[in-house]
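Enquirer: Coordinates in data16.txt, compact mmCIF, C-alpha atoms, are listed below.
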# COMPACT_ATOMS: atom_id res chain seq x y z
CA MET A 1 -1.94 47.83 9.05
CA LYS A 2 0.60 46.25 6.73
CA ILE A 3 -1.33 44.08 4.33
CA HIS A 4 0.61 44.11 1.09
CA ILE A 5 -0.71 41.62 -1.48
CA GLU A 6 0.75 42.40 -4.88
CA ARG A 7 -1.20 41.80 -8.07
CA ASP A 8 1.33 39.09 -9.02
CA GLU A 9 0.39 37.24 -5.84
CA TYR A 10 -3.26 37.42 -6.82
CA ARG A 11 -2.39 35.83 -10.15
CA LEU A 12 -0.32 33.18 -8.40
CA VAL A 13 -3.22 32.22 -6.14
CA HIS A 14 -5.80 32.15 -8.91
CA PHE A 15 -3.81 30.09 -11.41
CA GLY A 16 -3.15 27.53 -8.68
CA TYR A 17 -6.87 27.40 -7.88
CA MET A 18 -7.82 26.95 -11.51
CA LEU A 19 -5.18 24.35 -12.23
CA ARG A 20 -6.03 22.10 -9.31
CA PHE A 21 -9.78 22.50 -9.78
CA TYR A 22 -9.84 21.56 -13.49
CA ARG A 23 -7.30 18.73 -13.03
CA GLN A 24 -9.43 17.17 -10.27
CA GLU A 25 -12.61 17.76 -12.27
CA GLN A 26 -11.14 15.71 -15.11
CA GLN A 27 -9.82 13.09 -12.67
CA MET A 28 -6.30 13.69 -13.89
CA THR A 29 -3.35 12.95 -11.63
CA GLN A 30 -0.49 15.39 -11.11
CA SER A 31 1.77 12.94 -12.89
CA GLU A 32 -0.49 12.88 -15.96
CA LEU A 33 -0.75 16.67 -16.15
CA ALA A 34 2.96 17.28 -15.57
CA ASP A 35 4.10 14.60 -18.05
CA GLY A 36 6.12 16.17 -20.88
CA ILE A 37 5.81 19.70 -19.50
CA ILE A 38 7.28 20.06 -15.99
CA SER A 39 8.21 17.92 -13.00
CA ILE A 40 5.56 16.67 -10.59
CA SER A 41 7.21 18.56 -7.71
CA TYR A 42 7.10 21.82 -9.70
CA LEU A 43 3.43 21.27 -10.52
CA SER A 44 2.73 20.67 -6.84
CA LYS A 45 4.40 23.99 -6.02
CA ILE A 46 2.23 25.76 -8.60
CA GLU A 47 -0.98 24.24 -7.24
CA ASN A 48 0.00 25.12 -3.69
CA LYS A 49 0.79 28.70 -4.71
CA TYR A 50 4.50 28.53 -3.89
CA VAL A 51 5.68 29.52 -7.36
CA ASP A 52 4.35 31.52 -10.29
CA PRO A 53 5.26 29.63 -13.52
CA PRO A 54 6.31 31.35 -16.76
CA ASP A 55 3.56 32.18 -19.26
CA GLU A 56 4.73 29.37 -21.60
CA VAL A 57 4.23 26.78 -18.84
CA LYS A 58 0.81 28.24 -18.01
CA GLU A 59 -0.16 28.00 -21.67
CA LEU A 60 0.95 24.35 -21.98
CA LEU A 61 -0.80 23.29 -18.77
CA SER A 62 -3.95 25.20 -19.70
CA ARG A 63 -4.02 23.65 -23.20
CA LYS A 64 -3.60 20.14 -21.76
CA LEU A 65 -6.54 20.72 -19.40
CA GLY A 66 -8.63 22.33 -22.12
CA ILE A 67 -8.94 25.63 -20.26
CA ASN A 68 -10.32 28.10 -22.78
CA HIS A 69 -10.61 31.87 -22.91
CA THR A 70 -13.70 31.87 -20.71
CA HIS A 71 -11.76 30.14 -17.98
CA ILE A 72 -8.88 32.59 -18.33
CA GLN A 73 -11.41 35.41 -17.87
CA GLN A 74 -11.91 34.15 -14.32
CA VAL A 75 -8.54 35.50 -13.25
CA PRO A 76 -9.46 39.21 -13.06
CA VAL A 77 -12.77 38.28 -11.41
CA LEU A 78 -10.97 36.25 -8.78
CA GLU A 79 -8.55 39.13 -8.25
CA LEU A 80 -11.61 41.28 -7.72
CA CYS A 81 -12.73 38.82 -5.01
CA GLN A 82 -9.45 39.18 -3.16
CA ARG A 83 -9.65 42.96 -3.33
CA TRP A 84 -13.20 42.76 -1.97
CA PHE A 85 -12.12 40.47 0.88
CA LYS A 86 -9.41 42.95 1.81
CA ALA A 87 -11.81 45.91 1.71
CA LEU A 88 -14.19 44.03 4.03
CA PHE A 89 -11.34 43.21 6.40
CA LEU A 90 -10.43 46.90 6.57
CA ARG A 91 -14.13 47.85 6.87
CA ASN A 92 -13.79 50.17 3.87
CA MET A 93 -17.47 50.29 3.01
CA ASN A 94 -17.33 52.53 -0.05
CA THR A 95 -14.80 50.25 -1.73
CA SER A 96 -16.64 47.14 -0.52
CA VAL A 97 -19.93 48.25 -2.06
CA MET A 98 -18.30 49.18 -5.36
CA LEU A 99 -16.43 45.86 -5.63
CA TYR A 100 -19.49 43.84 -4.58
CA LYS A 101 -21.53 45.36 -7.40
CA GLN A 102 -18.80 44.49 -9.90
CA LEU A 103 -18.61 40.94 -8.60
CA CYS A 104 -22.37 40.46 -8.79
CA ASN A 105 -22.24 41.51 -12.45
CA ASN A 106 -19.59 38.84 -13.10
CA LYS A 107 -20.78 36.16 -10.70
CA GLN A 108 -21.23 33.63 -13.52
CA LEU A 109 -17.44 33.57 -13.96
CA ILE A 110 -16.72 32.51 -10.36
CA THR A 111 -16.94 28.78 -11.01
CA VAL A 112 -13.88 27.69 -9.02
CA GLN A 113 -15.50 26.05 -6.01
CA GLU A 114 -12.98 27.29 -3.45
CA MET A 115 -13.41 30.92 -4.44
CA ASN A 116 -17.17 30.53 -4.85
CA HIS A 117 -17.49 29.38 -1.25
CA LEU A 118 -15.24 32.17 -0.02
CA PHE A 119 -17.34 34.65 -1.99
CA GLU A 120 -20.53 33.37 -0.34
CA ILE A 121 -18.94 33.35 3.13
CA HIS A 122 -17.75 36.94 2.76
CA LYS A 123 -21.22 38.00 1.67
CA LEU A 124 -22.31 37.34 5.26
CA ARG A 125 -19.64 39.75 6.51
CA PHE A 126 -20.70 42.30 3.90
CA PHE A 127 -24.35 42.16 4.98
CA LEU A 128 -23.32 42.38 8.66
CA ILE A 129 -21.36 45.57 8.06
CA GLN A 130 -24.31 46.97 6.14
CA ASN A 131 -26.68 45.85 8.94
CA ASP A 132 -29.06 44.37 6.35
CA LYS A 133 -31.09 42.19 8.73
CA GLN A 134 -33.03 40.19 6.15
CA LYS A 135 -30.01 39.39 3.98
CA ILE A 136 -27.93 38.53 7.04
CA GLU A 137 -30.38 35.87 8.17
CA GLU A 138 -30.89 34.50 4.65
CA GLN A 139 -27.14 34.24 4.04
CA PHE A 140 -26.51 32.70 7.45
CA GLN A 141 -29.06 29.95 6.74
CA LYS A 142 -27.60 29.35 3.28
CA LEU A 143 -24.07 29.01 4.65
CA GLN A 144 -25.17 26.57 7.34
CA LEU A 145 -26.26 24.21 4.57
CA LEU A 146 -22.96 24.66 2.70
CA SER A 147 -20.70 24.45 5.76
CA PRO A 148 -20.17 20.64 5.77
CA TYR A 149 -18.36 21.04 2.43
CA PHE A 150 -16.01 23.86 3.49
CA THR A 151 -12.25 23.44 3.32
CA ASP A 152 -10.04 24.35 6.30
CA THR A 153 -9.46 27.82 4.89
CA GLU A 154 -13.15 28.37 4.30
CA SER A 155 -13.93 27.04 7.77
CA TYR A 156 -11.71 29.73 9.30
CA TYR A 157 -13.67 32.55 7.68
CA TRP A 158 -16.99 30.82 8.34
CA LEU A 159 -16.25 30.44 12.07
CA LYS A 160 -14.96 34.00 12.29
CA PHE A 161 -18.06 35.40 10.62
CA ILE A 162 -20.34 33.26 12.80
CA GLY A 163 -18.64 35.08 15.66
CA GLN A 164 -19.36 38.39 13.92
CA TYR A 165 -22.97 37.27 13.42
CA TYR A 166 -23.52 36.56 17.12
CA PHE A 167 -21.68 39.78 18.03
CA TRP A 168 -24.15 41.63 15.78
CA ARG A 169 -27.00 39.89 17.62
CA GLU A 170 -25.43 41.00 20.93
CA LYS A 171 -24.90 37.38 21.98
CA TYR A 172 -21.35 38.02 23.10
CA LYS A 173 -20.75 34.73 24.93
CA LYS A 174 -21.58 32.78 21.78
CA ALA A 175 -19.51 35.17 19.68
CA ILE A 176 -16.44 34.46 21.82
CA ILE A 177 -16.87 30.70 21.40
CA TYR A 178 -16.82 30.95 17.61
CA PHE A 179 -14.00 33.50 17.53
CA GLN A 180 -11.91 31.12 19.63
CA GLU A 181 -12.77 28.20 17.33
CA SER A 182 -11.70 30.23 14.31
CA LEU A 183 -8.24 30.66 15.88
CA ASP A 184 -7.80 26.89 15.61
CA CYS A 185 -8.13 27.24 11.82
CA VAL A 186 -6.13 30.44 11.30
CA ALA A 187 -3.02 28.45 10.36
CA PHE A 188 -4.79 27.23 7.22
CA ILE A 189 -5.11 30.67 5.61
CA GLN A 190 -2.22 31.71 3.39
CA VAL A 191 -2.67 35.47 3.15
CA SER A 192 -2.47 37.96 6.06
CA GLN A 193 -2.41 35.22 8.69
CA LYS A 194 -1.02 37.41 11.49
CA GLU A 195 -3.43 40.23 10.69
CA GLU A 196 -6.37 37.80 10.78
CA LYS A 197 -5.24 36.23 14.05
CA HIS A 198 -4.96 39.55 15.86
CA ASP A 199 -8.21 40.80 14.39
CA VAL A 200 -9.89 37.80 16.04
CA LEU A 201 -8.02 38.41 19.32
CA TYR A 202 -9.31 41.98 19.32
CA MET A 203 -12.88 40.79 18.67
CA ILE A 204 -12.64 38.35 21.58
CA ALA A 205 -11.48 41.21 23.83
CA LEU A 206 -14.30 43.45 22.60
CA SER A 207 -16.96 40.76 23.06
CA ALA A 208 -15.65 39.89 26.53
CA SER A 209 -15.76 43.55 27.53
CA TYR A 210 -19.49 43.70 26.76
CA ILE A 211 -20.23 40.85 29.17
CA ARG A 212 -17.72 42.06 31.77
CA GLU A 213 -15.26 39.17 31.44
CA THR A 214 -12.46 41.48 32.50
CA TYR A 215 -9.57 39.01 32.58
CA THR A 216 -10.37 37.74 29.07
CA THR A 217 -10.57 41.33 27.84
CA LEU A 218 -7.24 42.28 29.38
CA VAL A 219 -5.32 39.28 28.05
CA HIS A 220 -6.58 39.47 24.47
CA ALA A 221 -6.52 43.27 24.22
CA GLN A 222 -2.92 43.32 25.43
CA GLN A 223 -1.86 40.71 22.85
CA ALA A 224 -3.59 42.65 20.10
CA LEU A 225 -2.12 45.95 21.31
CA VAL A 226 1.48 44.73 21.03
CA PHE A 227 0.90 43.57 17.45
CA TYR A 228 -0.93 46.71 16.30
CA GLN A 229 1.72 48.97 17.81
CA LYS A 230 4.40 47.18 15.76
CA GLN A 231 2.22 47.47 12.64
CA TYR A 232 1.64 51.21 13.21
CA ASN A 233 -2.09 50.53 13.04
CA PHE A 234 -3.03 53.63 15.01
CA LYS A 235 -6.80 53.16 15.03
CA ARG A 236 -6.77 49.61 16.31
CA THR A 237 -4.03 50.51 18.82
CA ALA A 238 -6.29 53.22 20.25
CA GLN A 239 -9.23 50.79 20.36
CA CYS A 240 -7.11 48.36 22.37
CA TYR A 241 -6.15 51.13 24.80
CA ILE A 242 -9.84 51.91 25.31
CA LEU A 243 -10.62 48.26 26.10
CA LEU A 244 -7.72 48.17 28.56
CA GLY A 245 -8.98 51.39 30.14
CA ILE A 246 -12.46 49.91 30.60
CA SER A 247 -10.99 46.77 32.16
CA HIS A 248 -8.82 48.69 34.63
CA SER A 249 -11.79 50.88 35.52
CA ARG A 250 -13.81 47.77 36.36
CA MET A 251 -10.99 46.59 38.60
CA HIS A 252 -11.14 50.03 40.30
CA ASP A 253 -7.60 50.84 39.12
CA TYR A 254 -8.69 54.29 38.02
CA GLU A 255 -5.18 55.66 37.49
CA ALA A 256 -4.31 52.88 35.03
CA ALA A 257 -7.69 53.34 33.34
CA MET A 258 -7.10 57.07 32.85
CA ASN A 259 -3.60 56.45 31.49
CA ASN A 260 -5.00 54.08 28.86
CA TYR A 261 -7.75 56.52 27.89
CA GLN A 262 -5.19 59.30 27.56
CA GLN A 263 -3.06 57.14 25.27
CA ALA A 264 -6.12 56.42 23.14
CA LYS A 265 -7.04 60.13 23.06
CA LYS A 266 -3.55 61.13 21.89
CA ILE A 267 -3.81 58.73 18.96
CA ALA A 268 -7.38 59.82 18.17
CA ASP A 269 -6.24 63.45 18.03
CA ARG A 270 -3.19 62.56 15.96
CA ILE A 271 -5.20 60.77 13.26
CA ASN A 272 -8.21 63.08 13.68
CA ASP A 273 -10.61 60.21 14.27
CA ILE A 274 -13.81 61.74 15.66
CA ASN A 275 -15.37 58.37 16.48
CA LEU A 276 -12.40 57.44 18.67
CA GLN A 277 -12.44 60.86 20.31
CA THR A 278 -16.10 60.45 21.27
CA LYS A 279 -15.40 57.04 22.79
CA CYS A 280 -12.51 58.45 24.81
CA TYR A 281 -14.66 61.31 26.14
CA GLN A 282 -17.52 58.92 26.91
CA ASN A 283 -15.36 56.49 28.86
CA VAL A 284 -13.52 59.21 30.75
CA GLY A 285 -16.95 60.61 31.67
CA TYR A 286 -17.99 57.22 33.00
CA LEU A 287 -14.69 56.97 34.91
CA PHE A 288 -15.38 60.29 36.67
CA SER A 289 -18.92 59.12 37.39
CA GLU A 290 -17.52 55.98 39.05
CA CYS A 291 -15.33 58.24 41.17
CA ASN A 292 -18.39 60.33 42.18
CA GLN A 293 -17.03 63.39 40.37
CA SER A 294 -20.25 64.39 38.64
CA GLU A 295 -19.12 67.78 37.39
CA GLN A 296 -16.22 66.28 35.42
CA ALA A 297 -18.40 63.36 34.27
CA ILE A 298 -21.01 65.73 32.87
CA ASP A 299 -18.32 67.79 31.14
CA TYR A 300 -16.92 64.76 29.30
CA TYR A 301 -20.35 63.34 28.45
CA LYS A 302 -21.18 66.68 26.83
CA LYS A 303 -17.95 66.62 24.83
CA SER A 304 -18.90 63.17 23.58
CA PHE A 305 -22.41 64.36 22.71
CA VAL A 306 -21.20 67.39 20.72
CA LEU A 307 -18.94 65.27 18.49
CA ARG A 308 -21.67 62.75 17.60
CA ALA A 309 -23.53 63.94 14.51
CA GLU A 310 -25.77 60.88 14.09
CA PRO A 311 -28.78 60.97 16.47
CA LYS A 312 -28.68 57.23 17.26
CA LYS A 313 -25.06 57.54 18.35
CA GLN A 314 -25.95 60.46 20.61
CA LEU A 315 -28.03 58.17 22.81
CA TYR A 316 -25.06 56.90 24.82
CA PRO A 317 -23.94 60.33 26.12
CA ILE A 318 -27.61 61.42 26.44
CA VAL A 319 -28.38 58.50 28.76
CA GLY A 320 -25.17 59.17 30.69
CA LEU A 321 -26.08 62.84 31.18
CA MET A 322 -29.66 61.99 32.16
CA LYS A 323 -28.45 59.53 34.81
CA GLU A 324 -25.76 61.84 36.14
CA TYR A 325 -28.10 64.81 36.54
CA TYR A 326 -30.68 62.55 38.21
CA ARG A 327 -28.01 61.29 40.57
CA ILE A 328 -27.18 64.83 41.75
CA HIS A 329 -30.93 65.64 41.99
CA ASP A 330 -30.93 68.19 39.15
CA LEU A 331 -34.29 67.04 37.81
CA VAL A 332 -34.66 69.97 35.41
CA GLN A 333 -31.50 69.04 33.49
CA ALA A 334 -32.24 65.34 33.84
CA LYS A 335 -35.65 65.85 32.23
CA GLU A 336 -34.13 67.92 29.42
CA TRP A 337 -31.76 65.11 28.46
CA LEU A 338 -34.49 62.51 28.93
CA GLU A 339 -36.63 64.34 26.38
CA LYS A 340 -33.71 64.51 23.93
CA GLY A 341 -33.39 60.74 24.20
CA LEU A 342 -37.11 60.06 23.84
CA ALA A 343 -37.15 62.21 20.70
CA ILE A 344 -34.59 59.89 19.09
CA VAL A 345 -35.80 56.37 19.94
CA GLU A 346 -38.88 54.87 18.34
CA GLU A 347 -41.92 54.10 20.48
CA ASP A 348 -41.72 50.37 19.69
CA ASP A 349 -37.93 50.18 19.96
CA GLN A 350 -36.91 47.15 22.03
CA SER A 351 -33.37 48.27 22.77
CA MET A 352 -31.74 48.87 26.15
CA TYR A 353 -31.83 52.60 25.43
CA ARG A 354 -35.62 52.52 25.13
CA TYR A 355 -36.02 50.61 28.37
CA GLU A 356 -33.61 52.87 30.30
CA LEU A 357 -35.35 56.00 29.08
CA ASP A 358 -38.72 54.54 30.06
CA VAL A 359 -37.51 53.78 33.61
CA TYR A 360 -35.97 57.22 34.10
CA ASN A 361 -39.09 58.81 32.64
CA GLN A 362 -40.91 57.29 35.60
CA LEU A 363 -38.23 58.31 38.12
CA ILE A 364 -37.68 61.87 36.91
CA ASN A 365 -41.39 62.63 36.61
CA LYS A 366 -42.06 60.87 39.94
CA VAL A 367 -44.73 58.59 38.52
CA SER A 368 -43.28 55.11 39.18
CA SER A 369 -46.49 53.28 38.20
CA LYS A 370 -44.82 51.23 35.47
CA ILE A 371 -41.36 50.71 36.97
CA GLU A 372 -42.07 47.13 38.02
CA GLU A 373 -43.45 46.21 34.61
CA ILE A 374 -40.56 47.77 32.68
CA ILE A 375 -37.83 46.28 34.86
CA LEU A 376 -39.28 42.81 35.46
CA GLU A 377 -40.90 42.19 32.07
CA LYS A 378 -38.53 44.02 29.74
CA ILE A 379 -35.14 44.91 31.23
CA ILE A 380 -34.36 41.76 33.25
CA PRO A 381 -35.20 39.31 30.40
CA PHE A 382 -33.24 41.51 27.98
CA VAL A 383 -30.07 41.73 30.09
CA ASP A 384 -30.26 38.03 31.00
CA GLU A 385 -30.36 37.08 27.33
CA LYS A 386 -27.47 39.43 26.49
CA GLN A 387 -25.61 38.55 29.73
CA LEU A 388 -25.35 42.24 30.65
CA TYR A 389 -25.13 41.54 34.35
CA LEU A 390 -23.86 44.97 35.40
CA LYS A 391 -27.03 46.51 33.95
CA LYS A 392 -29.06 43.88 35.75
CA THR A 393 -27.55 44.81 39.11
CA ALA A 394 -28.27 48.51 38.56
CA TYR A 395 -31.93 47.96 37.73
CA LEU A 396 -32.49 45.43 40.51
CA GLU A 397 -31.28 48.13 42.90
CA ILE A 398 -33.64 50.69 41.33
CA LEU A 399 -36.53 48.25 41.77
CA ALA A 400 -35.53 47.53 45.36
CA THR A 401 -35.41 51.26 46.13
CA HIS A 402 -38.83 51.67 44.51
CA TYR A 403 -40.29 48.98 46.80
CA TYR A 404 -38.57 50.53 49.82
CA ASP A 405 -40.12 53.94 49.07
CA GLN A 406 -43.51 52.21 48.91
CA ARG A 407 -42.79 50.60 52.30
CA LYS A 408 -42.78 47.15 50.74
CA TYR A 409 -39.75 46.23 52.82
CA LYS A 410 -39.84 42.48 52.23
CA LEU A 411 -39.80 42.96 48.45
CA ALA A 412 -37.12 45.62 48.78
CA ALA A 413 -34.90 43.24 50.77
CA THR A 414 -35.48 40.46 48.21
CA TYR A 415 -34.31 42.57 45.28
CA TYR A 416 -31.40 44.16 47.17
CA ASN A 417 -30.19 40.62 47.91
CA HIS A 418 -30.76 39.63 44.29
CA ALA A 419 -28.66 42.61 43.15
CA LEU A 420 -25.90 41.74 45.64
CA HIS A 421 -25.83 38.12 44.46
CA THR A 422 -25.61 39.21 40.81
CA THR A 423 -22.70 41.51 41.64
CA LYS A 424 -20.84 38.70 43.41
CA VAL A 425 -21.35 36.39 40.45
CA VAL A 426 -19.95 39.01 38.06
CA GLU A 427 -16.95 39.87 40.24
CA GLY A 428 -16.19 36.22 40.92
CA ARG A 429 -16.21 35.21 37.25
Using structure tokens, write down the structure that the file contains.

Expert:
Amino acid sequence: MKIHIERDEYRLVHFGYMLRFYRQEQQMTQSELADGIISISYLSKIENKYVDPPDEVKELLSRKLGINHTHIQQVPVLELCQRWFKALFLRNMNTSVMLYKQLCNNKQLITVQEMNHLFEIHKLRFFLIQNDKQKIEEQFQKLQLLSPYFTDTESYYWLKFIGQYYFWREKYKKAIIYFQESLDCVAFIQVSQKEEKHDVLYMIALSASYIRETYTTLVHAQQALVFYQKQYNFKRTAQCYILLGISHSRMHDYEAAMNNYQQAKKIADRINDINLQTKCYQNVGYLFSECNQSEQAIDYYKKSFVLRAEPKKQLYPIVGLMKEYYRIHDLVQAKEWLEKGLAIVEEDDQSMYRYELDVYNQLINKVSSKIEEIILEKIIPFVDEKQLYLKKTAYLEILATHYYDQRKYKLAATYYNHALHTTKVVEGR
């Protein structure tokens, strides 16, 4: 990604911030401040960050406003803010943590209101990336109180990070609404506007993919793809290809889906990105599963599993392998992968993984006594809240089959019809 903000540009932004802030604080007009030093139009250009004045002009303007050494000390701190914002944008966590610690040690110097608000807004993004649940909620509440006083620029980041907040909470429909609202404000930011715009477009595509809004995913992922290809942003280009592959798979255009996954895999191999490689293997495995080619599906799920070092991240291929082996009636292997999954998730975990493992624990071990409870009281409310309708259809069908096997034909018919209706709603959206 080409985000080149030179240190001189940082200085340009910060002097403009300081000048306007202290002039307005003292209720001084531009004419009064410029008088005897520079023209009003030149001062306006400085305050709007269009020009970087000579040091002599900075000195004269600062002296007239009474900006002392303490105020001048703000400049490196504000530069630090911009570097931190950039690190967060690039999701460079090591740099983000280091810069955040430095900023917290110098927080008393960030007195320019514009930058102070931006600092607070970006703290929400920082906590989201760190997955610090308590701090996320505290910061979100704090920013809601501050939000009526945000400028247009601040509103852009606030709306974008609200989208990130709801994405983190797996409320993808809400996330899309706020991401789209942030696009209305993107014109107000002065640095990396195109990069920000396409970052939001990608997030809309990603959110839409989770709730199976295939057309929305295709349109936004394609727009983002064109931009990232031109920027030689290989990682994000590969991520867009994966989203396009998922969308084509859902439209049953399996050839186009495979082509997109192969493009993503080439990039992942080229930049040696293991996380991208695992996602490619996982999605190709699912594609083969959709095509009823279980042997190939299992092979790719296993490739995805081997590359995932973190146990929590292994759950996705584990669940895929468990389901695929169950589907081909290899209960020995299905049980082996089930046990691997159960060893990872906590007993009180309320995630979809936990619920799926609980259901298949019943199916594989041929118990079935708690299937109704798990599906009706846990899975259905969960997927309804998250709008994961594809999952809902799958588990309604499992419940219907369970009732059929128990010769409860009326209940079986009810839930088969419910599953069919849910599928039609999803496909017709």

Enquirer: Can you tell me, as number ranges by chain, what residues are no more than 12 Å from segment 310-314 of chain A when counting all atoms listed in the file, ignoring any on the same chain fewer than 2 positions away?

Expert: A: 275, 278-279, 282, 301-308, 316-321, 337, 340-346, 349, 351, 353-354

Enquirer: Write out the residues from the selection above, keeping C-alpha atoms, as a PDB file, keeping the file's coordinate frame.

Expert:
ATOM      1  CA  ASN A 275     -15.370  58.370  16.480  1.00  0.00           C
ATOM      2  CA  THR A 278     -16.100  60.450  21.270  1.00  0.00           C
ATOM      3  CA  LYS A 279     -15.400  57.040  22.790  1.00  0.00           C
ATOM      4  CA  GLN A 282     -17.520  58.920  26.910  1.00  0.00           C
ATOM      5  CA  TYR A 301     -20.350  63.340  28.450  1.00  0.00           C
ATOM      6  CA  LYS A 302     -21.180  66.680  26.830  1.00  0.00           C
ATOM      7  CA  LYS A 303     -17.950  66.620  24.830  1.00  0.00           C
ATOM      8  CA  SER A 304     -18.900  63.170  23.580  1.00  0.00           C
ATOM      9  CA  PHE A 305     -22.410  64.360  22.710  1.00  0.00           C
ATOM     10  CA  VAL A 306     -21.200  67.390  20.720  1.00  0.00           C
ATOM     11  CA  LEU A 307     -18.940  65.270  18.490  1.00  0.00           C
ATOM     12  CA  ARG A 308     -21.670  62.750  17.600  1.00  0.00           C
ATOM     13  CA  TYR A 316     -25.060  56.900  24.820  1.00  0.00           C
ATOM     14  CA  PRO A 317     -23.940  60.330  26.120  1.00  0.00           C
ATOM     15  CA  ILE A 318     -27.610  61.420  26.440  1.00  0.00           C
ATOM     16  CA  VAL A 319     -28.380  58.500  28.760  1.00  0.00           C
ATOM     17  CA  GLY A 320     -25.170  59.170  30.690  1.00  0.00           C
ATOM     18  CA  LEU A 321     -26.080  62.840  31.180  1.00  0.00           C
ATOM     19  CA  TRP A 337     -31.760  65.110  28.460  1.00  0.00           C
ATOM     20  CA  LYS A 340     -33.710  64.510  23.930  1.00  0.00           C
ATOM     21  CA  GLY A 341     -33.390  60.740  24.200  1.00  0.00           C
ATOM     22  CA  LEU A 342     -37.110  60.060  23.840  1.00  0.00           C
ATOM     23  CA  ALA A 343     -37.150  62.210  20.700  1.00  0.00           C
ATOM     24  CA  ILE A 344     -34.590  59.890  19.090  1.00  0.00           C
ATOM     25  CA  VAL A 345     -35.800  56.370  19.940  1.00  0.00           C
ATOM     26  CA  GLU A 346     -38.880  54.870  18.340  1.00  0.00           C
ATOM     27  CA  ASP A 349     -37.930  50.180  19.960  1.00  0.00           C
ATOM     28  CA  SER A 351     -33.370  48.270  22.770  1.00  0.00           C
ATOM     29  CA  TYR A 353     -31.830  52.600  25.430  1.00  0.00           C
ATOM     30  CA  ARG A 354     -35.620  52.520  25.130  1.00  0.00           C
TER      31      ARG A 354
END

Enquirer: Mind dumping a table of every segment 75-152 of chain A residue within 12 Å of segment 196-209 of chain A, with the nearest atom pair and its distance in Å to one decimal, using only C-alpha atoms, sorted by chain and rising number, as CSV?

Expert:
residue,atom,partner,partner_atom,distance
A:Phe85,CA,A:Glu196,CA,11.8
A:Lys86,CA,A:Glu196,CA,10.8
A:Phe89,CA,A:Glu196,CA,8.6
A:Leu90,CA,A:Asp199,CA,10.2
A:Arg91,CA,A:Asp199,CA,11.9

Enquirer: For a cutoff of 10 Å around the file-coordinate point (-39.1, 45.5, 37.4), which residues qualify once you count all atoms listed in the file? I'd like the result as a tab-separated table (two decimals) with C-alpha atoms, keeping the file's coordinate frame.

Expert:
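Done, and the output landed in result-v2.tsv:
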chain	number	residue	atom	x	y	z
A	359	VAL	CA	-37.51	53.78	33.61
A	370	LYS	CA	-44.82	51.23	35.47
A	371	ILE	CA	-41.36	50.71	36.97
A	372	GLU	CA	-42.07	47.13	38.02
A	373	GLU	CA	-43.45	46.21	34.61
A	374	ILE	CA	-40.56	47.77	32.68
A	375	ILE	CA	-37.83	46.28	34.86
A	376	LEU	CA	-39.28	42.81	35.46
A	377	GLU	CA	-40.90	42.19	32.07
A	378	LYS	CA	-38.53	44.02	29.74
A	379	ILE	CA	-35.14	44.91	31.23
A	380	ILE	CA	-34.36	41.76	33.25
A	395	TYR	CA	-31.93	47.96	37.73
A	396	LEU	CA	-32.49	45.43	40.51
A	397	GLU	CA	-31.28	48.13	42.90
A	398	ILE	CA	-33.64	50.69	41.33
A	399	LEU	CA	-36.53	48.25	41.77
A	400	ALA	CA	-35.53	47.53	45.36
A	402	HIS	CA	-38.83	51.67	44.51
A	415	TYR	CA	-34.31	42.57	45.28

Enquirer: Name the residues in contact with segment 124-129 of chain A at a cut-off of 8 Å, using only C-alpha atoms, excluding same-chain residues fewer than 3 positions from it; report them as a list in words.

Expert: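 Listed by chain and then number, they are Leu88, Arg91, Met93, Ser96, Glu120, Ile121, Asp132, Lys133, Lys135, Ile136, Gln139, Phe140, Phe161, Gln164, Tyr165 and Trp168 of chain A.
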
Enquirer: Excluding same-chain residues fewer than 5 positions from Leu159 of chain A, what lies within 10 Å of it counting all atoms listed in the file, as a PyMOL selection string?

Expert: chain A and resi 121+147+154+164-165+175+177-185

Enquirer: At a cut-off of 12 Å, using only C-alpha atoms, what residues contact Tyr326 of chain A? Leave out same-chain residues fewer than 3 positions from it and give the result as a compact mmCIF listing (two decimals) with C-alpha atoms, in the frame of the given file.

Expert:
# COMPACT_ATOMS: atom_id res chain seq x y z
CA SER A 294 -20.25 64.39 38.64
CA ILE A 298 -21.01 65.73 32.87
CA VAL A 319 -28.38 58.50 28.76
CA GLY A 320 -25.17 59.17 30.69
CA LEU A 321 -26.08 62.84 31.18
CA MET A 322 -29.66 61.99 32.16
CA LYS A 323 -28.45 59.53 34.81
CA HIS A 329 -30.93 65.64 41.99
CA ASP A 330 -30.93 68.19 39.15
CA LEU A 331 -34.29 67.04 37.81
CA VAL A 332 -34.66 69.97 35.41
CA GLN A 333 -31.50 69.04 33.49
CA ALA A 334 -32.24 65.34 33.84
CA LYS A 335 -35.65 65.85 32.23
CA GLU A 336 -34.13 67.92 29.42
CA TRP A 337 -31.76 65.11 28.46
CA LEU A 338 -34.49 62.51 28.93
CA TYR A 360 -35.97 57.22 34.10
CA ASN A 361 -39.09 58.81 32.64
CA GLN A 362 -40.91 57.29 35.60
CA LEU A 363 -38.23 58.31 38.12
CA ILE A 364 -37.68 61.87 36.91
CA ASN A 365 -41.39 62.63 36.61
CA LYS A 366 -42.06 60.87 39.94

Enquirer: Using only C-alpha atoms, which of the listed residues (A:Ala87, A:Leu357, A:Leu243, A:Cys280) sits closest to Thr216 of chain A?

Expert: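 Of A:Ala87, A:Leu357, A:Leu243, A:Cys280, the one nearest Thr216 of chain A, counting only C-alpha atoms, is A:Leu243.
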
Enquirer: Rank A:Gln277, A:Arg327, A:Ser247, A:Thr401 by their smallest atom-to-atom distance to Thr414 of chain A, using all atoms listed in the file, and report the top residue only.

Expert: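 Closest candidate: A:Thr401.
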